[in-house]
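Text of data37.txt (compact mmCIF, N, CA and C atoms) as supplied:
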# COMPACT_ATOMS: atom_id res chain seq x y z
N MET P 50 0.83 -1.17 0.00
CA MET P 50 0.00 0.00 0.00
C MET P 50 0.89 1.25 0.00
N VAL P 51 0.57 2.20 -0.85
CA VAL P 51 1.34 3.42 -0.97
C VAL P 51 0.74 4.48 -0.03
N ASN P 52 1.61 5.07 0.75
CA ASN P 52 1.18 6.13 1.64
C ASN P 52 1.54 7.48 1.02
N ILE P 53 0.53 8.20 0.59
CA ILE P 53 0.74 9.51 -0.02
C ILE P 53 0.63 10.55 1.09
N HIS P 54 1.73 11.23 1.31
CA HIS P 54 1.77 12.22 2.37
C HIS P 54 1.83 13.62 1.77
N THR P 55 0.84 14.42 2.08
CA THR P 55 0.82 15.80 1.64
C THR P 55 1.46 16.66 2.73
N PRO P 56 2.48 17.43 2.37
CA PRO P 56 3.10 18.26 3.40
C PRO P 56 2.14 19.33 3.89
N PRO P 57 2.32 19.78 5.13
CA PRO P 57 1.48 20.86 5.65
C PRO P 57 1.65 22.12 4.82
N PRO P 58 0.67 23.01 4.84
CA PRO P 58 0.76 24.26 4.09
C PRO P 58 1.95 25.09 4.56
N LEU P 59 2.58 25.77 3.60
CA LEU P 59 3.74 26.60 3.88
C LEU P 59 3.32 28.06 4.01
N VAL P 60 3.71 28.68 5.12
CA VAL P 60 3.36 30.07 5.42
C VAL P 60 4.64 30.89 5.51
N LEU P 61 4.60 32.09 4.95
CA LEU P 61 5.70 33.03 5.11
C LEU P 61 5.25 34.09 6.10
N VAL P 62 6.00 34.22 7.21
CA VAL P 62 5.73 35.24 8.23
C VAL P 62 6.78 36.33 8.07
N VAL P 63 6.32 37.55 7.81
CA VAL P 63 7.22 38.69 7.61
C VAL P 63 6.93 39.70 8.72
N GLU P 64 7.87 39.83 9.63
CA GLU P 64 7.69 40.69 10.80
C GLU P 64 9.06 41.14 11.29
N ASP P 65 9.25 42.45 11.45
CA ASP P 65 10.55 42.95 11.90
C ASP P 65 10.71 42.93 13.41
N GLU P 66 9.63 42.79 14.15
CA GLU P 66 9.73 42.63 15.60
C GLU P 66 9.98 41.16 15.90
N TRP P 67 11.20 40.83 16.34
CA TRP P 67 11.61 39.43 16.43
C TRP P 67 10.73 38.62 17.39
N LEU P 68 10.29 39.21 18.49
CA LEU P 68 9.50 38.46 19.44
C LEU P 68 8.12 38.12 18.87
N LEU P 69 7.50 39.06 18.20
CA LEU P 69 6.21 38.79 17.57
C LEU P 69 6.36 37.77 16.45
N ARG P 70 7.44 37.89 15.67
CA ARG P 70 7.70 36.92 14.59
C ARG P 70 7.86 35.52 15.17
N LEU P 71 8.60 35.41 16.28
CA LEU P 71 8.79 34.12 16.94
C LEU P 71 7.45 33.56 17.44
N GLU P 72 6.64 34.41 18.08
CA GLU P 72 5.35 33.97 18.59
C GLU P 72 4.43 33.50 17.47
N LEU P 73 4.37 34.27 16.38
CA LEU P 73 3.54 33.88 15.24
C LEU P 73 4.02 32.57 14.63
N ALA P 74 5.32 32.47 14.39
CA ALA P 74 5.88 31.27 13.77
C ALA P 74 5.64 30.04 14.64
N THR P 75 5.88 30.16 15.91
CA THR P 75 5.68 29.03 16.83
C THR P 75 4.22 28.60 16.86
N ALA P 76 3.32 29.56 16.98
CA ALA P 76 1.89 29.24 17.03
C ALA P 76 1.42 28.60 15.73
N LEU P 77 1.90 29.10 14.60
CA LEU P 77 1.51 28.51 13.31
C LEU P 77 2.06 27.09 13.17
N GLU P 78 3.30 26.87 13.59
CA GLU P 78 3.86 25.52 13.55
C GLU P 78 3.07 24.57 14.43
N GLU P 79 2.72 25.02 15.62
CA GLU P 79 1.92 24.18 16.52
C GLU P 79 0.53 23.91 15.96
N ALA P 80 0.04 24.79 15.09
CA ALA P 80 -1.26 24.60 14.45
C ALA P 80 -1.16 23.72 13.20
N GLY P 81 0.06 23.29 12.86
CA GLY P 81 0.21 22.35 11.75
C GLY P 81 0.77 22.94 10.47
N PHE P 82 1.18 24.18 10.47
CA PHE P 82 1.77 24.80 9.29
C PHE P 82 3.28 24.61 9.28
N ARG P 83 3.87 24.65 8.09
CA ARG P 83 5.31 24.82 7.95
C ARG P 83 5.53 26.32 7.81
N VAL P 84 6.58 26.85 8.42
CA VAL P 84 6.75 28.30 8.47
C VAL P 84 8.13 28.72 7.99
N LEU P 85 8.14 29.73 7.13
CA LEU P 85 9.36 30.45 6.77
C LEU P 85 9.25 31.82 7.42
N GLU P 86 10.37 32.36 7.88
CA GLU P 86 10.37 33.66 8.53
C GLU P 86 11.26 34.63 7.79
N ALA P 87 10.81 35.88 7.75
CA ALA P 87 11.61 36.98 7.19
C ALA P 87 11.48 38.17 8.12
N ASP P 88 12.60 38.86 8.35
CA ASP P 88 12.57 40.01 9.25
C ASP P 88 12.50 41.34 8.50
N SER P 89 12.39 41.28 7.18
CA SER P 89 12.27 42.49 6.37
C SER P 89 11.54 42.16 5.07
N GLY P 90 11.07 43.20 4.42
CA GLY P 90 10.45 43.01 3.12
C GLY P 90 11.45 42.51 2.09
N GLU P 91 12.66 43.01 2.18
CA GLU P 91 13.70 42.59 1.25
C GLU P 91 14.01 41.10 1.40
N GLN P 92 14.11 40.64 2.66
CA GLN P 92 14.36 39.21 2.89
C GLN P 92 13.18 38.37 2.40
N ALA P 93 11.97 38.86 2.59
CA ALA P 93 10.78 38.14 2.12
C ALA P 93 10.80 37.99 0.60
N LEU P 94 11.14 39.05 -0.11
CA LEU P 94 11.20 38.97 -1.57
C LEU P 94 12.27 37.99 -2.03
N ALA P 95 13.40 37.95 -1.32
CA ALA P 95 14.47 36.99 -1.66
C ALA P 95 13.98 35.56 -1.44
N LEU P 96 13.22 35.33 -0.36
CA LEU P 96 12.68 33.98 -0.11
C LEU P 96 11.68 33.57 -1.18
N LEU P 97 10.92 34.52 -1.69
CA LEU P 97 9.94 34.19 -2.73
C LEU P 97 10.61 33.62 -3.98
N VAL P 98 11.83 34.05 -4.24
CA VAL P 98 12.57 33.53 -5.40
C VAL P 98 12.93 32.07 -5.18
N GLU P 99 13.21 31.69 -3.93
CA GLU P 99 13.67 30.35 -3.60
C GLU P 99 12.55 29.34 -3.39
N VAL P 100 11.37 29.81 -3.01
CA VAL P 100 10.27 28.92 -2.62
C VAL P 100 9.30 28.79 -3.79
N PRO P 101 9.00 27.57 -4.18
CA PRO P 101 8.11 27.39 -5.33
C PRO P 101 6.66 27.81 -5.08
N SER P 102 6.16 27.61 -3.87
CA SER P 102 4.75 27.90 -3.64
C SER P 102 4.48 28.11 -2.16
N LEU P 103 3.63 29.10 -1.87
CA LEU P 103 3.21 29.37 -0.50
C LEU P 103 1.70 29.19 -0.41
N ALA P 104 1.24 28.81 0.77
CA ALA P 104 -0.20 28.70 1.00
C ALA P 104 -0.77 29.97 1.60
N LEU P 105 0.08 30.75 2.30
CA LEU P 105 -0.39 31.91 3.04
C LEU P 105 0.77 32.86 3.32
N LEU P 106 0.47 34.15 3.30
CA LEU P 106 1.41 35.18 3.73
C LEU P 106 0.84 35.85 4.96
N VAL P 107 1.66 35.96 6.01
CA VAL P 107 1.32 36.75 7.20
C VAL P 107 2.38 37.84 7.28
N THR P 108 1.96 39.11 7.15
CA THR P 108 2.95 40.18 7.07
C THR P 108 2.54 41.41 7.86
N ASP P 109 3.55 42.02 8.47
CA ASP P 109 3.42 43.35 9.04
C ASP P 109 3.42 44.32 7.85
N ILE P 110 2.91 45.52 8.05
CA ILE P 110 2.90 46.51 6.98
C ILE P 110 4.19 47.34 7.01
N ARG P 111 4.51 47.91 8.15
CA ARG P 111 5.72 48.72 8.27
C ARG P 111 6.87 47.82 8.73
N LEU P 112 7.82 47.63 7.82
CA LEU P 112 8.91 46.69 8.09
C LEU P 112 10.26 47.38 8.28
N GLY P 113 10.32 48.67 8.20
CA GLY P 113 11.55 49.38 8.50
C GLY P 113 12.52 49.50 7.34
N GLY P 114 12.25 48.89 6.23
CA GLY P 114 13.13 48.99 5.06
C GLY P 114 12.40 49.67 3.92
N ALA P 115 12.95 49.52 2.74
CA ALA P 115 12.34 50.13 1.55
C ALA P 115 11.12 49.35 1.07
N VAL P 116 11.03 48.07 1.44
CA VAL P 116 9.93 47.21 1.00
C VAL P 116 8.97 47.01 2.16
N CYS P 117 7.73 47.43 1.99
CA CYS P 117 6.72 47.28 3.05
C CYS P 117 5.91 46.01 2.84
N GLY P 118 5.07 45.72 3.80
CA GLY P 118 4.22 44.53 3.72
C GLY P 118 3.26 44.55 2.55
N TRP P 119 2.78 45.75 2.20
CA TRP P 119 1.91 45.84 1.02
C TRP P 119 2.67 45.36 -0.22
N ASP P 120 3.95 45.76 -0.34
CA ASP P 120 4.78 45.37 -1.48
C ASP P 120 4.99 43.86 -1.51
N VAL P 121 5.23 43.27 -0.34
CA VAL P 121 5.42 41.82 -0.25
C VAL P 121 4.14 41.10 -0.70
N ALA P 122 3.00 41.60 -0.23
CA ALA P 122 1.72 41.00 -0.63
C ALA P 122 1.51 41.11 -2.14
N ASP P 123 1.83 42.26 -2.70
CA ASP P 123 1.71 42.44 -4.16
C ASP P 123 2.60 41.44 -4.91
N ALA P 124 3.83 41.25 -4.43
CA ALA P 124 4.76 40.31 -5.08
C ALA P 124 4.24 38.87 -4.97
N CYS P 125 3.69 38.52 -3.82
CA CYS P 125 3.13 37.18 -3.65
C CYS P 125 1.96 36.96 -4.58
N ARG P 126 1.10 37.95 -4.67
CA ARG P 126 -0.08 37.84 -5.52
C ARG P 126 0.28 37.87 -7.01
N ALA P 127 1.40 38.47 -7.35
CA ALA P 127 1.84 38.43 -8.75
C ALA P 127 2.18 37.00 -9.15
N ARG P 128 2.68 36.22 -8.20
CA ARG P 128 3.02 34.81 -8.44
C ARG P 128 1.81 33.91 -8.32
N GLU P 129 1.02 34.13 -7.28
CA GLU P 129 -0.14 33.29 -6.98
C GLU P 129 -1.33 34.21 -6.71
N PRO P 130 -2.13 34.48 -7.75
CA PRO P 130 -3.17 35.52 -7.66
C PRO P 130 -4.19 35.35 -6.53
N PHE P 131 -4.41 34.16 -6.06
CA PHE P 131 -5.43 33.96 -5.04
C PHE P 131 -4.85 33.53 -3.69
N MET P 132 -3.55 33.80 -3.47
CA MET P 132 -2.95 33.44 -2.20
C MET P 132 -3.52 34.31 -1.09
N PRO P 133 -3.96 33.70 0.01
CA PRO P 133 -4.48 34.48 1.12
C PRO P 133 -3.37 35.27 1.82
N VAL P 134 -3.76 36.43 2.37
CA VAL P 134 -2.82 37.30 3.06
C VAL P 134 -3.44 37.74 4.38
N VAL P 135 -2.66 37.64 5.45
CA VAL P 135 -3.05 38.17 6.75
C VAL P 135 -2.10 39.31 7.06
N TYR P 136 -2.68 40.51 7.21
CA TYR P 136 -1.90 41.70 7.55
C TYR P 136 -1.96 41.89 9.06
N VAL P 137 -0.82 42.23 9.65
CA VAL P 137 -0.73 42.49 11.09
C VAL P 137 0.03 43.80 11.23
N SER P 138 -0.63 44.83 11.78
CA SER P 138 0.04 46.12 11.84
C SER P 138 -0.55 47.01 12.92
N ALA P 139 0.29 47.89 13.43
CA ALA P 139 -0.17 48.93 14.35
C ALA P 139 -0.77 50.09 13.55
N SER P 140 -0.48 50.14 12.26
CA SER P 140 -1.03 51.18 11.38
C SER P 140 -2.47 50.87 11.04
N ALA P 141 -3.19 51.88 10.65
CA ALA P 141 -4.57 51.68 10.22
C ALA P 141 -4.59 50.95 8.87
N PRO P 142 -5.60 50.12 8.65
CA PRO P 142 -5.68 49.42 7.38
C PRO P 142 -5.95 50.39 6.23
N ASP P 143 -5.37 50.11 5.09
CA ASP P 143 -5.60 50.90 3.88
C ASP P 143 -6.50 50.05 2.98
N ALA P 144 -7.77 50.36 2.96
CA ALA P 144 -8.75 49.55 2.22
C ALA P 144 -8.38 49.43 0.75
N ALA P 145 -7.77 50.47 0.20
CA ALA P 145 -7.42 50.44 -1.22
C ALA P 145 -6.31 49.44 -1.52
N ARG P 146 -5.50 49.10 -0.53
CA ARG P 146 -4.38 48.18 -0.75
C ARG P 146 -4.69 46.76 -0.33
N GLN P 147 -5.75 46.52 0.41
CA GLN P 147 -6.08 45.17 0.84
C GLN P 147 -6.56 44.35 -0.34
N LEU P 148 -6.29 43.07 -0.27
CA LEU P 148 -6.61 42.15 -1.34
C LEU P 148 -7.80 41.28 -0.95
N THR P 149 -8.45 40.70 -1.96
CA THR P 149 -9.45 39.70 -1.66
C THR P 149 -8.75 38.54 -0.97
N LEU P 150 -9.47 37.76 -0.21
CA LEU P 150 -8.90 36.66 0.58
C LEU P 150 -7.84 37.18 1.54
N SER P 151 -8.09 38.34 2.12
CA SER P 151 -7.15 38.88 3.10
C SER P 151 -7.91 39.32 4.35
N LYS P 152 -7.14 39.43 5.43
CA LYS P 152 -7.70 39.86 6.71
C LYS P 152 -6.67 40.75 7.38
N PHE P 153 -7.14 41.82 8.02
CA PHE P 153 -6.26 42.77 8.69
C PHE P 153 -6.47 42.68 10.19
N PHE P 154 -5.37 42.54 10.95
CA PHE P 154 -5.40 42.54 12.41
C PHE P 154 -4.56 43.71 12.91
N THR P 155 -5.11 44.46 13.85
CA THR P 155 -4.40 45.58 14.44
C THR P 155 -3.61 45.09 15.65
N LYS P 156 -2.34 45.52 15.73
CA LYS P 156 -1.50 45.18 16.88
C LYS P 156 -1.96 45.95 18.08
N PRO P 157 -1.87 45.43 19.26
CA PRO P 157 -1.37 44.09 19.56
C PRO P 157 -2.41 43.03 19.17
N ILE P 158 -1.91 41.94 18.63
CA ILE P 158 -2.80 40.89 18.15
C ILE P 158 -3.04 39.84 19.23
N ARG P 159 -4.07 39.07 19.02
CA ARG P 159 -4.36 37.91 19.87
C ARG P 159 -4.22 36.68 18.98
N LEU P 160 -3.28 35.82 19.32
CA LEU P 160 -3.04 34.64 18.51
C LEU P 160 -4.29 33.77 18.39
N ASN P 161 -5.11 33.73 19.45
CA ASN P 161 -6.32 32.91 19.39
C ASN P 161 -7.34 33.46 18.40
N GLU P 162 -7.16 34.70 17.92
CA GLU P 162 -8.01 35.25 16.87
C GLU P 162 -7.37 35.08 15.49
N VAL P 163 -6.06 35.20 15.44
CA VAL P 163 -5.34 35.13 14.17
C VAL P 163 -5.28 33.70 13.62
N LEU P 164 -4.98 32.74 14.48
CA LEU P 164 -4.78 31.35 14.02
C LEU P 164 -6.01 30.76 13.32
N PRO P 165 -7.22 30.91 13.86
CA PRO P 165 -8.37 30.36 13.16
C PRO P 165 -8.60 30.99 11.78
N VAL P 166 -8.28 32.28 11.66
CA VAL P 166 -8.41 32.95 10.37
C VAL P 166 -7.40 32.38 9.38
N CYS P 167 -6.17 32.17 9.84
CA CYS P 167 -5.15 31.56 8.97
C CYS P 167 -5.61 30.19 8.48
N ALA P 168 -6.11 29.37 9.39
CA ALA P 168 -6.57 28.03 9.01
C ALA P 168 -7.74 28.12 8.04
N ALA P 169 -8.67 29.03 8.28
CA ALA P 169 -9.83 29.17 7.39
C ALA P 169 -9.42 29.66 6.00
N LEU P 170 -8.48 30.59 5.95
CA LEU P 170 -8.04 31.10 4.65
C LEU P 170 -7.35 30.02 3.82
N VAL P 171 -6.61 29.17 4.49
CA VAL P 171 -5.92 28.07 3.79
C VAL P 171 -6.87 26.89 3.58
N ALA P 172 -7.86 26.78 4.48
CA ALA P 172 -8.89 25.73 4.41
C ALA P 172 -8.27 24.33 4.40
N PHE P 173 -7.51 24.06 5.45
CA PHE P 173 -6.96 22.71 5.59
C PHE P 173 -7.45 22.08 6.85
Any chance you could give the structure as structure tokens?
Amino acid sequence: MVNIHTPPPLVLVVEDEWLLRLELATALEEAGFRVLEADSGEQALALLVEVPSLALLVTDIRLGGAVCGWDVADACRAREPFMPVVYVSASAPDAARQLTLSKFFTKPIRLNEVLPVCAALVAF
């Protein structure tokens, strides 16, 4: 009998606050996701070149560099038009920049609110 194993969904977490990035990554891994982490928009864009496919992007908006979370989301959607995006930011949401299949959470976040949304967006 052949056992076909589907790997867990791959999530990219982009957050420049290391403690929040660690908390998000750990919680997502415990929820059954595989997680890649980036501490800047530039690092996130570099990872996109290396990774064939993502199931979900979780990104802060203000990342401290030249590339913001909106830019990372745009780059992800250029590759995968219907990839879900979870925005996490202390800034107010910009309705004009939000994408379909996206959700915005204002910092400070509650992981017990974010995780179910991530699972629902990926639908696994």
Using all atoms listed in the file, which residues sit within 6.5 Å of Ser102 of chain P once same-chain residues fewer than 2 positions away are excluded, as JSON, numbers by chain? {"P": [59, 100, 104]}
So what do you get for atom CA of Leu103 of chain P versus atom C of Cys125 of chain P, distance-wise?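 Value for the atom CA of Leu103 of chain P-atom C of Cys125 of chain P distance: 8.7 Å.
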Among segment 87-136 of chain P, which residues does DSSP mark as strand (DSSP E or B) when it is run on the backbone? Keep the chain and numbering as in the structure and answer as a CSV table (one decimal) with N, CA and C atoms, in the coordinates of the input.
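What follows is the written file states.csv:
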chain,number,residue,atom,x,y,z
P,87,ALA,N,10.8,35.9,7.8
P,87,ALA,CA,11.6,37.0,7.2
P,87,ALA,C,11.5,38.2,8.1
P,105,LEU,N,0.1,30.8,2.3
P,105,LEU,CA,-0.4,31.9,3.0
P,105,LEU,C,0.8,32.9,3.3
P,106,LEU,N,0.5,34.2,3.3
P,106,LEU,CA,1.4,35.2,3.7
P,106,LEU,C,0.8,35.8,5.0
P,107,VAL,N,1.7,36.0,6.0
P,107,VAL,CA,1.3,36.8,7.2
P,107,VAL,C,2.4,37.8,7.3
P,108,THR,N,2.0,39.1,7.2
P,108,THR,CA,3.0,40.2,7.1
P,108,THR,C,2.5,41.4,7.9
P,109,ASP,N,3.6,42.0,8.5
P,109,ASP,CA,3.4,43.4,9.0
P,109,ASP,C,3.4,44.3,7.8
P,134,VAL,N,-3.8,36.4,2.4
P,134,VAL,CA,-2.8,37.3,3.1
P,134,VAL,C,-3.4,37.7,4.4
P,135,VAL,N,-2.7,37.6,5.4
P,135,VAL,CA,-3.0,38.2,6.8
P,135,VAL,C,-2.1,39.3,7.1
P,136,TYR,N,-2.7,40.5,7.2
P,136,TYR,CA,-1.9,41.7,7.6
P,136,TYR,C,-2.0,41.9,9.1
List every residue of segment 62-127 of chain P that DSSP, applied to the backbone of this structure, assigns to alpha helix (DSSP H), and report them as a PyMOL selection string. chain P and resi 67-79+90-99+118-127
Store the residues picked out above, limited to N, CA and C atoms, as a compact mmCIF listing (two decimals), keeping the file's coordinate frame.
# COMPACT_ATOMS: atom_id res chain seq x y z
N TRP P 67 11.20 40.83 16.34
CA TRP P 67 11.61 39.43 16.43
C TRP P 67 10.73 38.62 17.39
N LEU P 68 10.29 39.21 18.49
CA LEU P 68 9.50 38.46 19.44
C LEU P 68 8.12 38.12 18.87
N LEU P 69 7.50 39.06 18.20
CA LEU P 69 6.21 38.79 17.57
C LEU P 69 6.36 37.77 16.45
N ARG P 70 7.44 37.89 15.67
CA ARG P 70 7.70 36.92 14.59
C ARG P 70 7.86 35.52 15.17
N LEU P 71 8.60 35.41 16.28
CA LEU P 71 8.79 34.12 16.94
C LEU P 71 7.45 33.56 17.44
N GLU P 72 6.64 34.41 18.08
CA GLU P 72 5.35 33.97 18.59
C GLU P 72 4.43 33.50 17.47
N LEU P 73 4.37 34.27 16.38
CA LEU P 73 3.54 33.88 15.24
C LEU P 73 4.02 32.57 14.63
N ALA P 74 5.32 32.47 14.39
CA ALA P 74 5.88 31.27 13.77
C ALA P 74 5.64 30.04 14.64
N THR P 75 5.88 30.16 15.91
CA THR P 75 5.68 29.03 16.83
C THR P 75 4.22 28.60 16.86
N ALA P 76 3.32 29.56 16.98
CA ALA P 76 1.89 29.24 17.03
C ALA P 76 1.42 28.60 15.73
N LEU P 77 1.90 29.10 14.60
CA LEU P 77 1.51 28.51 13.31
C LEU P 77 2.06 27.09 13.17
N GLU P 78 3.30 26.87 13.59
CA GLU P 78 3.86 25.52 13.55
C GLU P 78 3.07 24.57 14.43
N GLU P 79 2.72 25.02 15.62
CA GLU P 79 1.92 24.18 16.52
C GLU P 79 0.53 23.91 15.96
N GLY P 90 11.07 43.20 4.42
CA GLY P 90 10.45 43.01 3.12
C GLY P 90 11.45 42.51 2.09
N GLU P 91 12.66 43.01 2.18
CA GLU P 91 13.70 42.59 1.25
C GLU P 91 14.01 41.10 1.40
N GLN P 92 14.11 40.64 2.66
CA GLN P 92 14.36 39.21 2.89
C GLN P 92 13.18 38.37 2.40
N ALA P 93 11.97 38.86 2.59
CA ALA P 93 10.78 38.14 2.12
C ALA P 93 10.80 37.99 0.60
N LEU P 94 11.14 39.05 -0.11
CA LEU P 94 11.20 38.97 -1.57
C LEU P 94 12.27 37.99 -2.03
N ALA P 95 13.40 37.95 -1.32
CA ALA P 95 14.47 36.99 -1.66
C ALA P 95 13.98 35.56 -1.44
N LEU P 96 13.22 35.33 -0.36
CA LEU P 96 12.68 33.98 -0.11
C LEU P 96 11.68 33.57 -1.18
N LEU P 97 10.92 34.52 -1.69
CA LEU P 97 9.94 34.19 -2.73
C LEU P 97 10.61 33.62 -3.98
N VAL P 98 11.83 34.05 -4.24
CA VAL P 98 12.57 33.53 -5.40
C VAL P 98 12.93 32.07 -5.18
N GLU P 99 13.21 31.69 -3.93
CA GLU P 99 13.67 30.35 -3.60
C GLU P 99 12.55 29.34 -3.39
N GLY P 118 5.07 45.72 3.80
CA GLY P 118 4.22 44.53 3.72
C GLY P 118 3.26 44.55 2.55
N TRP P 119 2.78 45.75 2.20
CA TRP P 119 1.91 45.84 1.02
C TRP P 119 2.67 45.36 -0.22
N ASP P 120 3.95 45.76 -0.34
CA ASP P 120 4.78 45.37 -1.48
C ASP P 120 4.99 43.86 -1.51
N VAL P 121 5.23 43.27 -0.34
CA VAL P 121 5.42 41.82 -0.25
C VAL P 121 4.14 41.10 -0.70
N ALA P 122 3.00 41.60 -0.23
CA ALA P 122 1.72 41.00 -0.63
C ALA P 122 1.51 41.11 -2.14
N ASP P 123 1.83 42.26 -2.70
CA ASP P 123 1.71 42.44 -4.16
C ASP P 123 2.60 41.44 -4.91
N ALA P 124 3.83 41.25 -4.43
CA ALA P 124 4.76 40.31 -5.08
C ALA P 124 4.24 38.87 -4.97
N CYS P 125 3.69 38.52 -3.82
CA CYS P 125 3.13 37.18 -3.65
C CYS P 125 1.96 36.96 -4.58
N ARG P 126 1.10 37.95 -4.67
CA ARG P 126 -0.08 37.84 -5.52
C ARG P 126 0.28 37.87 -7.01
N ALA P 127 1.40 38.47 -7.35
CA ALA P 127 1.84 38.43 -8.75
C ALA P 127 2.18 37.00 -9.15
Nearest candidate to Val171 of chain P (options P:Leu105, P:Val137, P:Val116, P:Val121; using all atoms listed in the file): P:Leu105
Given the choices P:Pro165, P:Gly90, P:Val134, P:Arg70, which gets closest to Phe153 of chain P if the distance is worked out from all atoms listed in the file? P:Val134
Determine, counting all atoms listed in the file, which protein, DNA and RNA residues have an atom within 8 Å of an atom of Pro56 of chain P; residues of the same chain fewer than 4 positions away are not included. Present the result as a list in words. Gly81, Phe82 and Arg83 of chain P
Residue with the minimum atom-to-atom distance to Leu85 of chain P, picked from P:Leu106, P:Val98, P:Val60, P:Leu73 with only C-alpha atoms counted, is P:Val60
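Atom pair atom C of Pro101 of chain P / atom N of Glu86 of chain P has a distance of 14.2 Å (rounded to one decimal).
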Atom CA of Ser138 of chain P and atom C of Pro157 of chain P, how far apart in Å?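 The value is 8.3 Å.
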Selected residue, from P:Ser89, P:His54, P:Ala139, P:Ala169, that lies nearest to Gly118 of chain P when counting all atoms listed in the file: P:Ser89
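Of the listed residues P:Cys117, P:Leu61, P:Ala74, P:Tyr136, the one whose atoms come nearest to Lys156 of chain P is P:Tyr136, with distances taken using all atoms listed in the file.
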Within 12 Å of file point (-9.0, 41.9, 8.7), counting only C-alpha atoms, expressed as a PyMOL selection string: chain P and resi 107+133-138+141-144+147-156+158+162-163+166-167+170
Restricting the calculation to only C-alpha atoms: of P:Glu64, P:Met132, P:Leu160, P:Ala172, which residue gets closest to Glu79 of chain P? P:Leu160
Can you list, as JSON, numbers by chain, every protein, DNA or RNA residue that comes within 6.5 Å of Asp65 of chain P when you count all atoms listed in the file, leaving out same-chain residues fewer than 3 positions away? {"P": [68, 70, 87, 88, 89, 109, 111, 112]}
